[in-house]
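Below is final11.txt, which holds compact mmCIF, C-alpha atoms and all ligand atoms.
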# COMPACT_ATOMS: atom_id res chain seq x y z
CA MET J 1 -30.23 15.21 -18.87
CA ILE J 2 -30.30 11.61 -20.02
CA TYR J 3 -27.13 9.59 -20.31
CA GLN J 4 -28.51 6.20 -21.32
CA ARG J 5 -26.31 5.67 -24.33
CA SER J 6 -23.20 6.93 -22.52
CA SER J 7 -23.92 4.48 -19.70
CA ALA J 8 -24.32 1.60 -22.14
CA LEU J 9 -21.12 2.51 -23.96
CA PHE J 10 -19.25 2.67 -20.66
CA VAL J 11 -20.44 -0.83 -19.75
CA GLU J 12 -19.13 -2.17 -23.07
CA ALA J 13 -15.84 -0.27 -22.77
CA GLN J 14 -15.12 -1.71 -19.35
CA LYS J 15 -15.11 -5.21 -20.85
CA VAL J 16 -12.12 -4.46 -23.05
CA ILE J 17 -10.43 -1.31 -21.72
CA PRO J 18 -9.18 -1.11 -18.10
CA GLY J 19 -11.73 0.98 -16.23
CA GLY J 20 -13.35 1.71 -19.59
CA VAL J 21 -11.01 4.62 -20.34
CA ASN J 22 -7.64 5.33 -21.88
CA SER J 23 -6.79 8.00 -19.29
CA PRO J 24 -8.05 7.70 -15.69
CA VAL J 25 -9.63 11.15 -15.10
CA ARG J 26 -12.16 10.42 -17.83
CA ALA J 27 -13.78 7.70 -15.70
CA PHE J 28 -15.42 10.26 -13.32
CA LYS J 29 -13.97 8.32 -10.38
CA SER J 30 -13.65 11.32 -8.10
CA VAL J 31 -17.14 12.69 -8.82
CA GLY J 32 -19.00 9.40 -9.36
CA GLY J 33 -21.51 8.68 -12.12
CA THR J 34 -21.05 7.69 -15.72
CA PRO J 35 -18.56 9.33 -18.04
CA ILE J 36 -20.11 11.11 -20.98
CA TYR J 37 -19.28 9.87 -24.44
CA ALA J 38 -18.50 12.65 -26.88
CA LYS J 39 -19.91 12.25 -30.36
CA LYS J 40 -18.76 15.49 -31.90
CA ALA J 41 -17.84 19.01 -30.96
CA GLU J 42 -18.01 22.36 -32.63
CA GLY J 43 -16.93 25.75 -31.35
CA ALA J 44 -17.79 25.98 -27.65
CA TYR J 45 -20.02 22.91 -27.54
CA ILE J 46 -19.75 19.16 -27.13
CA TYR J 47 -22.57 17.00 -28.48
CA ASP J 48 -22.70 13.68 -26.66
CA GLU J 49 -23.92 10.25 -27.70
CA ASP J 50 -27.34 10.87 -26.07
CA GLY J 51 -27.87 14.02 -28.11
CA ASN J 52 -27.16 16.42 -25.22
CA LYS J 53 -25.45 19.71 -26.01
CA LEU J 54 -22.89 20.77 -23.40
CA VAL J 55 -21.01 24.05 -23.00
CA ASP J 56 -17.41 22.88 -22.80
CA TYR J 57 -15.00 24.23 -20.19
CA ILE J 58 -12.45 21.43 -20.57
CA ASN J 59 -11.58 21.94 -24.21
CA SER J 60 -9.65 18.70 -24.44
CA TRP J 61 -7.78 19.84 -21.31
CA GLY J 62 -6.55 23.03 -22.89
CA PRO J 63 -5.67 22.89 -26.56
CA MET J 64 -8.94 24.14 -28.05
CA ILE J 65 -8.17 27.80 -27.44
CA LEU J 66 -10.04 28.66 -30.62
CA GLY J 67 -12.86 26.19 -30.02
CA HIS J 68 -13.55 22.71 -31.36
CA ALA J 69 -13.26 21.72 -35.01
CA HIS J 70 -11.75 25.11 -35.81
CA LYS J 71 -11.89 25.33 -39.59
CA PRO J 72 -8.27 26.30 -40.42
CA VAL J 73 -7.00 23.45 -38.21
CA VAL J 74 -9.42 20.88 -39.63
CA ASP J 75 -8.70 21.96 -43.22
CA ALA J 76 -4.94 21.78 -42.65
CA VAL J 77 -5.21 18.21 -41.35
CA ILE J 78 -7.51 17.05 -44.16
CA ASP J 79 -5.28 18.60 -46.75
CA LYS J 80 -2.11 17.07 -45.29
CA THR J 81 -3.66 13.62 -44.92
CA LYS J 82 -4.08 13.35 -48.68
CA SER J 83 -0.30 13.35 -49.10
CA GLY J 84 0.39 10.52 -46.66
CA THR J 85 0.13 10.24 -42.91
CA SER J 86 3.68 9.42 -41.84
CA PHE J 87 7.04 8.90 -43.49
CA GLY J 88 9.59 8.50 -40.73
CA MET J 89 11.60 11.01 -42.74
CA PRO J 90 12.15 14.73 -42.22
CA THR J 91 9.49 17.01 -43.69
CA GLU J 92 9.60 20.74 -44.37
CA ILE J 93 6.62 21.50 -42.16
CA GLU J 94 8.60 20.44 -39.06
CA THR J 95 11.00 23.31 -39.68
CA ASP J 96 8.11 25.70 -40.39
CA ILE J 97 6.41 25.06 -37.06
CA ALA J 98 9.74 24.97 -35.20
CA LYS J 99 10.65 28.41 -36.59
CA LEU J 100 7.29 29.85 -35.65
CA ALA J 101 7.28 28.33 -32.14
CA VAL J 102 10.83 29.50 -31.43
CA SER J 103 9.94 33.01 -32.65
CA MET J 104 6.96 33.17 -30.29
CA VAL J 105 8.60 31.76 -27.15
CA PRO J 106 11.23 33.88 -25.36
CA ASN J 107 14.68 32.57 -24.57
CA VAL J 108 14.65 29.42 -26.71
CA ASP J 109 16.65 28.75 -29.90
CA LYS J 110 15.69 25.19 -30.74
CA ILE J 111 12.74 22.92 -30.17
CA ARG J 112 12.15 19.18 -30.53
CA PHE J 113 8.72 17.68 -31.13
CA VAL J 114 7.46 14.57 -29.36
CA ASN J 115 4.02 12.96 -29.05
CA SER J 116 2.73 13.94 -25.61
CA GLY J 117 3.31 16.19 -22.63
CA THR J 118 4.63 13.18 -20.71
CA GLU J 119 7.31 12.58 -23.32
CA ALA J 120 8.21 16.26 -23.37
CA CYS J 121 8.74 16.44 -19.60
CA MET J 122 10.48 13.08 -19.37
CA SER J 123 12.88 14.10 -22.15
CA ALA J 124 13.46 17.55 -20.65
CA VAL J 125 14.48 15.98 -17.34
CA ARG J 126 16.83 13.50 -19.05
CA LEU J 127 18.37 16.39 -20.96
CA ALA J 128 18.80 18.40 -17.76
CA ARG J 129 20.47 15.43 -16.07
CA GLY J 130 22.74 14.82 -19.05
CA PHE J 131 23.64 18.49 -19.38
CA THR J 132 24.42 19.06 -15.70
CA GLY J 133 25.83 15.61 -14.92
CA LYS J 134 23.60 15.46 -11.81
CA ASP J 135 20.85 12.95 -10.97
CA LYS J 136 18.28 14.46 -8.61
CA ILE J 137 15.32 16.59 -9.55
CA ILE J 138 12.94 18.74 -7.53
CA LYS J 139 9.25 18.64 -8.32
CA PHE J 140 6.35 20.20 -6.42
CA ALA J 141 3.59 18.25 -4.69
CA GLY J 142 0.42 18.69 -6.75
CA CYS J 143 2.19 19.59 -10.02
CA TYR J 144 1.69 17.01 -12.76
CA HIS J 145 4.22 16.41 -15.49
CA GLY J 146 2.83 13.25 -17.03
CA HIS J 147 3.11 9.64 -16.02
CA SER J 148 6.81 9.00 -16.47
CA ASP J 149 8.29 7.16 -13.46
CA SER J 150 10.31 10.08 -12.09
CA PHE J 151 7.13 12.15 -11.66
CA LEU J 152 4.95 9.53 -9.96
CA ILE J 153 6.38 10.35 -6.59
CA GLN J 154 4.80 11.42 -3.31
CA ALA J 155 6.35 12.94 -0.23
CA GLY J 156 8.13 10.29 1.82
CA SER J 157 8.67 10.36 5.55
CA GLY J 158 11.78 12.45 5.00
CA ALA J 159 10.20 14.63 2.33
CA ILE J 160 13.07 17.05 2.33
CA THR J 161 15.57 14.33 1.51
CA PHE J 162 13.71 11.90 -0.74
CA GLY J 163 10.34 10.94 -2.19
CA GLU J 164 8.48 7.62 -2.39
CA PRO J 165 6.75 5.97 -5.36
CA ASN J 166 3.03 6.78 -5.52
CA SER J 167 2.30 3.99 -7.96
CA PRO J 168 3.33 0.36 -7.88
CA GLY J 169 5.80 -0.19 -10.69
CA VAL J 170 7.87 2.89 -9.86
CA THR J 171 11.05 1.66 -8.19
CA GLU J 172 12.52 2.95 -4.93
CA GLY J 173 15.68 3.61 -6.94
CA THR J 174 13.83 6.03 -9.23
CA ALA J 175 11.95 7.63 -6.35
CA LYS J 176 15.08 8.47 -4.42
CA ASP J 177 16.14 10.87 -7.17
CA THR J 178 12.92 12.91 -7.08
CA LEU J 179 12.67 15.41 -4.24
CA LEU J 180 9.25 16.78 -3.35
CA ALA J 181 8.85 20.45 -2.49
CA THR J 182 5.89 22.63 -1.52
CA TYR J 183 4.47 24.95 -4.20
CA ASN J 184 4.78 28.64 -3.39
CA ASP J 185 7.21 27.95 -0.54
CA LEU J 186 10.71 29.19 -1.39
CA ASP J 187 12.11 28.34 2.05
CA ASN J 188 11.13 24.76 1.58
CA VAL J 189 12.88 24.68 -1.81
CA ALA J 190 16.00 26.32 -0.38
CA LYS J 191 16.15 23.71 2.41
CA THR J 192 15.71 20.87 -0.09
CA ILE J 193 18.58 22.23 -2.16
CA ALA J 194 20.76 22.69 0.92
CA ALA J 195 20.15 19.09 2.00
CA ASN J 196 21.20 17.84 -1.44
CA GLN J 197 24.09 20.19 -2.29
CA GLY J 198 25.59 19.67 -5.73
CA GLU J 199 23.23 16.81 -6.60
CA ILE J 200 20.23 18.55 -8.17
CA ALA J 201 20.00 18.72 -11.95
CA CYS J 202 16.76 20.64 -12.29
CA ILE J 203 13.65 22.06 -10.72
CA ILE J 204 10.53 21.34 -12.77
CA LEU J 205 7.23 23.08 -12.17
CA GLU J 206 4.02 24.31 -13.69
CA PRO J 207 4.59 28.09 -13.61
CA VAL J 208 0.85 28.40 -13.03
CA ALA J 209 -0.29 25.12 -11.54
CA GLY J 210 -3.31 23.60 -13.25
CA ASN J 211 -3.31 20.13 -11.75
CA MET J 212 -4.47 20.97 -8.23
CA GLY J 213 -7.12 23.25 -9.61
CA CYS J 214 -5.65 26.53 -10.76
CA ILE J 215 -2.95 27.84 -8.43
CA PRO J 216 -1.01 30.90 -9.56
CA PRO J 217 2.55 31.43 -8.36
CA ALA J 218 2.80 33.74 -5.33
CA ASP J 219 4.55 37.08 -5.83
CA GLY J 220 8.28 36.47 -6.05
CA PHE J 221 8.00 32.65 -6.22
CA LEU J 222 9.19 32.26 -9.80
CA GLU J 223 11.87 34.95 -9.36
CA GLY J 224 13.05 33.19 -6.20
CA LEU J 225 13.28 29.86 -7.99
CA ARG J 226 15.25 31.46 -10.81
CA LYS J 227 17.74 32.85 -8.28
CA LEU J 228 18.04 29.56 -6.38
CA CYS J 229 18.73 27.80 -9.69
CA ASP J 230 21.34 30.37 -10.73
CA ASP J 231 23.08 30.21 -7.36
CA ASN J 232 23.24 26.42 -7.35
CA ASP J 233 23.87 25.50 -11.02
CA ILE J 234 20.41 23.99 -11.34
CA LEU J 235 18.34 24.15 -14.54
CA LEU J 236 14.84 25.61 -14.23
CA ILE J 237 12.23 23.73 -16.29
CA PHE J 238 8.88 25.39 -16.91
CA ASP J 239 6.27 22.79 -17.78
CA GLU J 240 4.11 24.92 -20.07
CA VAL J 241 1.96 22.04 -21.28
CA MET J 242 -1.08 23.99 -20.05
CA THR J 243 0.23 27.55 -19.98
CA GLY J 244 2.19 27.59 -23.25
CA PHE J 245 0.58 29.58 -26.08
CA ARG J 246 -2.36 30.20 -23.73
CA LEU J 247 -1.34 32.70 -21.04
CA ALA J 248 0.55 34.73 -23.63
CA PRO J 249 2.03 34.00 -27.08
CA GLY J 250 5.28 33.18 -25.27
CA GLY J 251 3.56 31.46 -22.34
CA ALA J 252 4.41 31.99 -18.68
CA GLN J 253 7.98 33.04 -19.44
CA GLU J 254 6.63 36.04 -21.33
CA LEU J 255 3.81 36.76 -18.91
CA PHE J 256 6.02 36.83 -15.81
CA GLY J 257 9.23 37.99 -17.49
CA ILE J 258 11.19 35.01 -16.11
CA ASP J 259 13.54 32.93 -18.24
CA ALA J 260 13.40 29.18 -17.82
CA ASP J 261 16.28 27.00 -19.03
CA ILE J 262 14.06 24.37 -20.63
CA VAL J 263 10.39 24.74 -21.52
CA THR J 264 7.99 21.88 -22.24
CA PHE J 265 4.80 22.02 -24.28
CA GLY J 266 1.94 19.72 -25.19
CA LYS J 267 -1.68 19.91 -26.27
CA VAL J 268 -1.91 23.43 -27.77
CA ILE J 269 1.15 22.93 -29.90
CA GLY J 270 -0.63 20.11 -31.74
CA GLY J 271 -3.93 21.90 -32.17
CA GLY J 272 -5.59 18.87 -30.54
CA LEU J 273 -3.49 16.17 -32.18
CA PRO J 274 -1.05 14.19 -30.01
CA VAL J 275 1.99 16.46 -29.76
CA GLY J 276 4.42 17.66 -27.18
CA ALA J 277 7.68 19.55 -27.48
CA PHE J 278 10.59 20.79 -25.45
CA ALA J 279 12.75 23.78 -26.17
CA ALA J 280 15.80 25.55 -24.80
CA ARG J 281 18.79 27.60 -25.85
CA THR J 282 21.21 26.05 -28.37
CA GLU J 283 23.86 25.11 -25.82
CA ILE J 284 21.37 22.84 -24.03
CA MET J 285 19.44 21.51 -27.05
CA ASP J 286 22.64 20.54 -28.87
CA TYR J 287 23.25 18.05 -26.07
CA LEU J 288 20.61 15.88 -27.74
CA ALA J 289 21.24 13.00 -30.16
CA PRO J 290 22.21 12.87 -32.97
CA ILE J 291 24.75 15.65 -32.28
CA GLY J 292 24.91 15.34 -28.51
CA PRO J 293 25.16 12.45 -26.05
CA VAL J 294 21.62 12.51 -24.57
CA TYR J 295 19.40 10.02 -26.40
CA GLN J 296 15.84 10.89 -27.32
CA ALA J 297 13.76 9.65 -30.26
CA GLY J 298 10.27 8.93 -31.67
CA THR J 299 8.99 7.11 -34.78
CA LEU J 300 5.96 9.37 -35.11
CA SER J 301 7.57 12.51 -33.67
CA GLY J 302 7.01 15.46 -36.01
CA ASN J 303 4.18 13.55 -37.66
CA PRO J 304 2.89 15.57 -40.63
CA LEU J 305 -0.76 15.64 -39.50
CA ALA J 306 0.12 16.84 -36.02
CA MET J 307 2.52 19.41 -37.44
CA ALA J 308 -0.14 20.67 -39.86
CA ALA J 309 -2.72 21.06 -37.09
CA GLY J 310 -0.21 22.73 -34.79
CA LEU J 311 1.08 25.08 -37.46
CA ALA J 312 -2.44 26.20 -38.36
CA MET J 313 -3.16 26.81 -34.68
CA LEU J 314 0.06 28.69 -33.89
CA LYS J 315 -0.19 30.79 -37.06
CA GLU J 316 -3.59 32.02 -35.98
CA LEU J 317 -2.47 32.74 -32.41
CA ASP J 318 0.59 34.55 -33.72
CA ALA J 319 -1.30 36.62 -36.27
CA ASN J 320 -4.21 37.53 -34.03
CA ARG J 321 -2.74 38.36 -30.65
CA ASN J 322 -6.01 39.90 -29.55
CA ILE J 323 -7.19 36.34 -28.91
CA PHE J 324 -5.18 36.36 -25.68
CA ASN J 325 -6.96 39.50 -24.41
CA SER J 326 -10.27 38.15 -25.53
CA ILE J 327 -10.00 34.83 -23.61
CA ASN J 328 -8.64 36.65 -20.55
CA GLU J 329 -11.55 39.10 -20.55
CA LYS J 330 -14.08 36.32 -20.96
CA THR J 331 -12.53 34.43 -18.06
CA ALA J 332 -12.52 37.55 -15.85
CA TYR J 333 -16.22 38.03 -16.65
CA LEU J 334 -16.95 34.42 -15.76
CA HIS J 335 -14.94 34.74 -12.55
CA LYS J 336 -16.96 37.74 -11.40
CA GLY J 337 -20.28 36.08 -12.24
CA LEU J 338 -19.44 32.77 -10.54
CA ALA J 339 -18.14 34.54 -7.43
CA GLU J 340 -21.32 36.64 -7.16
CA ALA J 341 -23.56 33.60 -7.65
CA LEU J 342 -21.79 31.54 -4.98
CA THR J 343 -21.52 34.45 -2.54
CA SER J 344 -25.20 35.28 -2.88
CA GLU J 345 -26.01 31.73 -1.74
CA ASN J 346 -23.42 31.86 1.08
CA VAL J 347 -21.35 29.05 -0.40
CA GLU J 348 -17.79 28.99 0.93
CA HIS J 349 -15.45 29.11 -2.03
CA THR J 350 -12.16 30.32 -3.43
CA ILE J 351 -11.87 31.04 -7.12
CA ASN J 352 -8.32 31.10 -8.47
CA ARG J 353 -7.72 32.51 -11.91
CA LEU J 354 -4.85 33.48 -14.07
CA GLY J 355 -5.56 34.59 -17.62
CA SER J 356 -7.84 31.99 -19.17
CA MET J 357 -7.26 29.33 -16.49
CA ILE J 358 -9.75 29.28 -13.64
CA SER J 359 -11.04 26.89 -10.99
CA ILE J 360 -13.31 26.80 -7.96
CA HIS J 361 -12.26 25.23 -4.67
CA PHE J 362 -15.00 24.91 -2.07
CA SER J 363 -12.89 26.39 0.68
CA GLU J 364 -12.98 29.78 2.34
CA THR J 365 -9.24 29.90 2.97
CA PRO J 366 -6.78 30.74 0.19
CA VAL J 367 -5.67 27.81 -1.94
CA THR J 368 -1.97 28.17 -2.63
CA ASN J 369 -0.55 24.65 -2.66
CA PHE J 370 -1.50 20.97 -2.71
CA ASP J 371 -2.42 20.75 0.98
CA SER J 372 -4.78 23.72 0.86
CA ALA J 373 -6.35 22.37 -2.36
CA ALA J 374 -6.85 18.95 -0.73
CA ALA J 375 -8.49 20.55 2.33
CA ALA J 376 -11.37 22.00 0.25
CA SER J 377 -14.79 20.31 0.30
CA ASN J 378 -14.91 17.50 -2.23
CA GLY J 379 -18.52 16.80 -1.26
CA ASN J 380 -19.56 20.22 -2.51
CA PHE J 381 -17.42 19.84 -5.60
CA LYS J 382 -19.19 16.59 -6.55
CA LYS J 383 -22.61 18.20 -6.11
CA PHE J 384 -21.49 21.24 -8.07
CA PHE J 385 -20.08 19.12 -10.90
CA HIS J 386 -23.26 17.05 -11.31
CA GLY J 387 -25.50 20.07 -10.85
CA MET J 388 -23.68 21.97 -13.58
CA LEU J 389 -23.70 18.94 -15.86
CA ASN J 390 -27.44 18.69 -15.41
CA GLU J 391 -27.70 22.31 -16.54
CA GLY J 392 -25.63 21.51 -19.66
CA ILE J 393 -22.24 22.75 -18.47
CA TYR J 394 -19.25 20.44 -18.78
CA ILE J 395 -16.46 21.22 -16.31
CA ALA J 396 -13.55 18.97 -15.35
CA PRO J 397 -14.70 15.94 -13.32
CA SER J 398 -12.26 16.60 -10.48
CA ALA J 399 -11.60 19.44 -8.07
CA PHE J 400 -7.92 19.05 -8.92
CA GLU J 401 -8.36 20.22 -12.48
CA THR J 402 -8.61 23.61 -14.12
CA TRP J 403 -11.24 25.02 -16.46
CA PHE J 404 -9.87 26.20 -19.82
CA ILE J 405 -11.67 28.99 -21.58
CA SER J 406 -11.88 28.99 -25.37
CA ASP J 407 -12.45 32.00 -27.55
CA ALA J 408 -15.43 30.23 -29.08
CA LEU J 409 -17.41 30.84 -25.86
CA THR J 410 -19.77 33.77 -26.26
CA TYR J 411 -20.89 36.12 -23.50
CA GLU J 412 -24.30 34.43 -23.77
CA ASP J 413 -22.62 31.11 -22.98
CA LEU J 414 -20.92 32.70 -19.98
CA ASP J 415 -24.20 34.20 -18.73
CA PHE J 416 -25.87 30.82 -19.18
CA THR J 417 -23.06 29.25 -17.11
CA ILE J 418 -23.32 31.88 -14.36
CA GLU J 419 -27.09 31.38 -14.21
CA ALA J 420 -26.58 27.62 -13.93
CA CYS J 421 -24.11 28.23 -11.10
CA ARG J 422 -26.67 30.37 -9.30
CA LYS J 423 -29.21 27.52 -9.46
CA VAL J 424 -26.71 24.84 -8.44
CA ALA J 425 -25.35 26.98 -5.58
CA LYS J 426 -28.73 26.63 -3.81
CA SER J 427 -28.10 22.89 -3.42
CA LEU J 428 -24.64 23.36 -1.87
CA LEU J 429 -23.80 23.62 1.81
N1 LIG J 501 2.34 18.52 -17.84
C1 LIG J 501 1.21 19.12 -17.50
C2 LIG J 501 1.27 20.46 -16.82
C3 LIG J 501 -0.02 18.54 -17.78
O1 LIG J 501 -1.14 19.15 -17.42
C4 LIG J 501 -0.04 17.30 -18.45
C5 LIG J 501 -1.34 16.61 -18.80
N2 LIG J 501 -2.47 17.01 -18.20
C6 LIG J 501 1.17 16.70 -18.78
C7 LIG J 501 2.35 17.33 -18.47
C8 LIG J 501 1.21 15.37 -19.47
O2 LIG J 501 0.75 15.50 -20.79
P1 LIG J 501 0.16 14.25 -21.57
O3 LIG J 501 -1.10 13.87 -20.91
O4 LIG J 501 -0.01 14.78 -22.97
O5 LIG J 501 1.19 13.18 -21.52

Now, as a test, write the supplied structure out as structure tokens.
Amino acid sequence: MIYQRSSALFVEAQKVIPGGVNSPVRAFKSVGGTPIYAKKAEGAYIYDEDGNKLVDYINSWGPMILGHAHKPVVDAVIDKTKSGTSFGMPTEIETDIAKLAVSMVPNVDKIRFVNSGTEACMSAVRLARGFTGKDKIIKFAGCYHGHSDSFLIQAGSGAITFGEPNSPGVTEGTAKDTLLATYNDLDNVAKTIAANQGEIACIILEPVAGNMGCIPPADGFLEGLRKLCDDNDILLIFDEVMTGFRLAPGGAQELFGIDADIVTFGKVIGGGLPVGAFAARTEIMDYLAPIGPVYQAGTLSGNPLAMAAGLAMLKELDANRNIFNSINEKTAYLHKGLAEALTSENVEHTINRLGSMISIHFSETPVTNFDSAAAASNGNFKKFFHGMLNEGIYIAPSAFETWFISDALTYEDLDFTIEACRKVAKSLL
């Protein structure tokens, strides 16, 4: 495939935008090469600035469950735009989407809309701290909750007692309140809690991790966390920015039958427009301003266009629950085909999948946490990424990301992808 125009656009972008991109993963830094400039997208396909057609497995990092430019969503936005794009005043549609979201998600009574997943998680943590009167939080290495300071933390020398900033600009003071734990390791979490008795406000996690490739929770992990939280007066926050309205209508809480205390959402809930949200039972949510003491705000929060797109999206997911089976079945089919293709070429790999989230790690050993994900072969991933791209398949440009399956993908698209994988596998070690 030719990427002349994308390359030229990237050169221009770098003159005025740091690294040429508005979010780092788009720069292809971990796989090398030139990022591809999207011109338009429809259904399962992206059409780039060079005229290439790509089968899309990123789907704007999750929200396009129904495919790109889905007509009801596009129509809802166009229609809403004609009546004004923002008022900074309450609008009826905010209550409409709130009612629908709360009816779909278990164990929540109220929801507040924000503009990104970062804002949702940052606000959820502030709420948990305000509600419990405690300062420290536990997060898991490899889980991503956006770029708010409290989350940009890596394991320090005394990982069980405190973390360290992993970006300049995050202060030591902030870092000391974020404790790093190991995903799928309950003992490690229990020890972290024991070493910080009475100081931990919340545990935040991706109930199915999507930011170290796809890593499902081990049997009993989520149940164990729930119990540790109950025993120690800690709030459990499920970051469902990826899993919400995707794994099930009620997200991971519904799928696993585990209640979280606060749930955060992003992406899907805006149908592709910039939206996030956090939700909990009334007792917790009423701790928020203007009725409670915890401050949280946003000029464009609940923006009518985003609400219209999100409402159209959620209405369809709510009315047609077969969509969830359909994307799961398509992903299972893809999983089987990719595994057979890689195995037939003797390529060491582990494919993790849960529902419509799937990823390949080039490692023969199970990938269950950040360390095992990091131990996989990045060399093979790079070759695989570029090989697939050359065949017209667009997967995430990093081994630490997940593929998101949309219902717009046909079985022909999946067969085409599996065939591409078979060809590319021959070039791998
Ligand atoms: N949480 C999770 C699980 C995410 O995957 C992301 C984004 N990839 C975020 C939070 C942050 O969302 P945003 O990029 O919209 O700020």

Of the candidates J:Asp177, J:Glu401, J:Glu364, J:Asp48, which one gets nearest to ligand LIG 501 (chain J) if we count only C-alpha atoms and all ligand atoms? J:Glu401

Using all atoms listed in the file, which residues have at least one atom no more than 10 Å from ligand LIG 501 (chain J)? Output them as a ChimeraX atom specification. /J:23,25,60-62,114-122,143-148,151,205-212,238-244,264-267,273-276,401-402

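When only C-alpha atoms are used to compute distances to Asp233 of chain J, the closest of the residues J:Arg5, J:Lys53, J:Lys134, J:Arg422 turns out to be J:Lys134.
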
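Distance annotation: of J:Leu54, J:Ala141, J:Ile65, J:Val21, the residue with the minimal separation from Leu180 of chain J is J:Ala141; atom set is only C-alpha atoms.
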
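If you count all atoms listed in the file and ignore residues fewer than 4 places along the chain from Met388 of chain J, what sits within 9 Å of it is Lys383, Phe384, Gly392, Ile393, Tyr394, Ile395, Thr417, Ala420, Cys421, Lys423 and Val424 of chain J.
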
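Compared by their closest atoms to Gly271 of chain J, and using all atoms listed in the file, the residues J:Asp79, J:Leu228, J:Ser356, J:Leu314 rank with J:Leu314 nearest.
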
From the list J:Ile269, J:Glu391, J:Ile215, J:Thr299, which residue is nearest Ile360 of chain J when using only C-alpha atoms? J:Ile215

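Distances to Lys136 of chain J were evaluated for J:Thr343, J:Ser7, J:Thr95, J:Thr192 using only C-alpha atoms, and the minimum falls at J:Thr192.
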
In Å, rounded to a single decimal, give me how far atom CA of Asn320 of chain J is from atom CA of Ile351 of chain J. 28.7 Å

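Residues with any atom within 12 Å of Asp413 of chain J, counting all atoms listed in the file and excluding same-chain neighbours fewer than 3 positions away, are J:Gly43, J:Ala44, J:Tyr45, J:Leu54, J:Val55, J:Asp56, J:Tyr57, J:Lys330, J:Thr331, J:Tyr333, J:Leu334, J:Gly392, J:Ile393, J:Tyr394, J:Ile405, J:Ser406, J:Asp407, J:Ala408, J:Leu409, J:Thr410, J:Phe416, J:Thr417, J:Ile418, J:Glu419, J:Ala420.
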
Would you compute, for all listed atoms of segment 242-250 of chain J, the axis-aligned bounding box grown by 4 Å on each side, and then report its centre and edge lengths in Å rounded to one decimal, as JSON?
{"center_x": 1.5, "center_y": 29.4, "center_z": -23.5, "size_x": 15.6, "size_y": 18.7, "size_z": 15.1}

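Atom CA of Pro63 of chain J sits 15.6 Å away from atom CA of Leu305 of chain J.
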
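When atom CA of Gly272 of chain J is paired with atom CA of Ala309 of chain J, their separation reads 7.5 Å.
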
Residues near Asn196 of chain J, anyone? I mean within 12 Å using all atoms listed in the file, not counting same-chain ones fewer than 3 positions away, as a list in words. Lys134, Asp135, Lys136, Ile137, Ile138, Ile160, Thr161, Phe162, Lys176, Asp177, Thr178, Leu179, Val189, Ala190, Lys191, Thr192, Ile193, Glu199, Ile200, Ala201, Asn232 and Ile234 of chain J

Could you build a table of the residues in segment 1-73 of chain J lying no more than 12 Å from segment 370-379 of chain J, giving for each the nearest pair of atoms and their separation in Å rounded to one decimal place, using all atoms listed in the file, ordered by chain and ascending residue number, as a Markdown table?
| residue | atom | partner | partner_atom | distance |
| --- | --- | --- | --- | --- |
| J:Ser30 | CA | J:Asn378 | CA | 8.6 |
| J:Val31 | CA | J:Asn378 | CA | 8.5 |
| J:Gly32 | CA | J:Gly379 | CA | 11.0 |

Which residues are close to segment 229-231 of chain J, i.e. within 12 Å by all atoms listed in the file, leaving aside same-chain residues fewer than 4 positions away? Reply as a count of residues only. 24

Neighbouring residues of Asn380 of chain J were defined as those with any atom within 8 Å, considering all atoms listed in the file; residues of the same chain fewer than 4 positions away were excluded. Please report them as a ChimeraX atom specification. /J:362,384,428-429
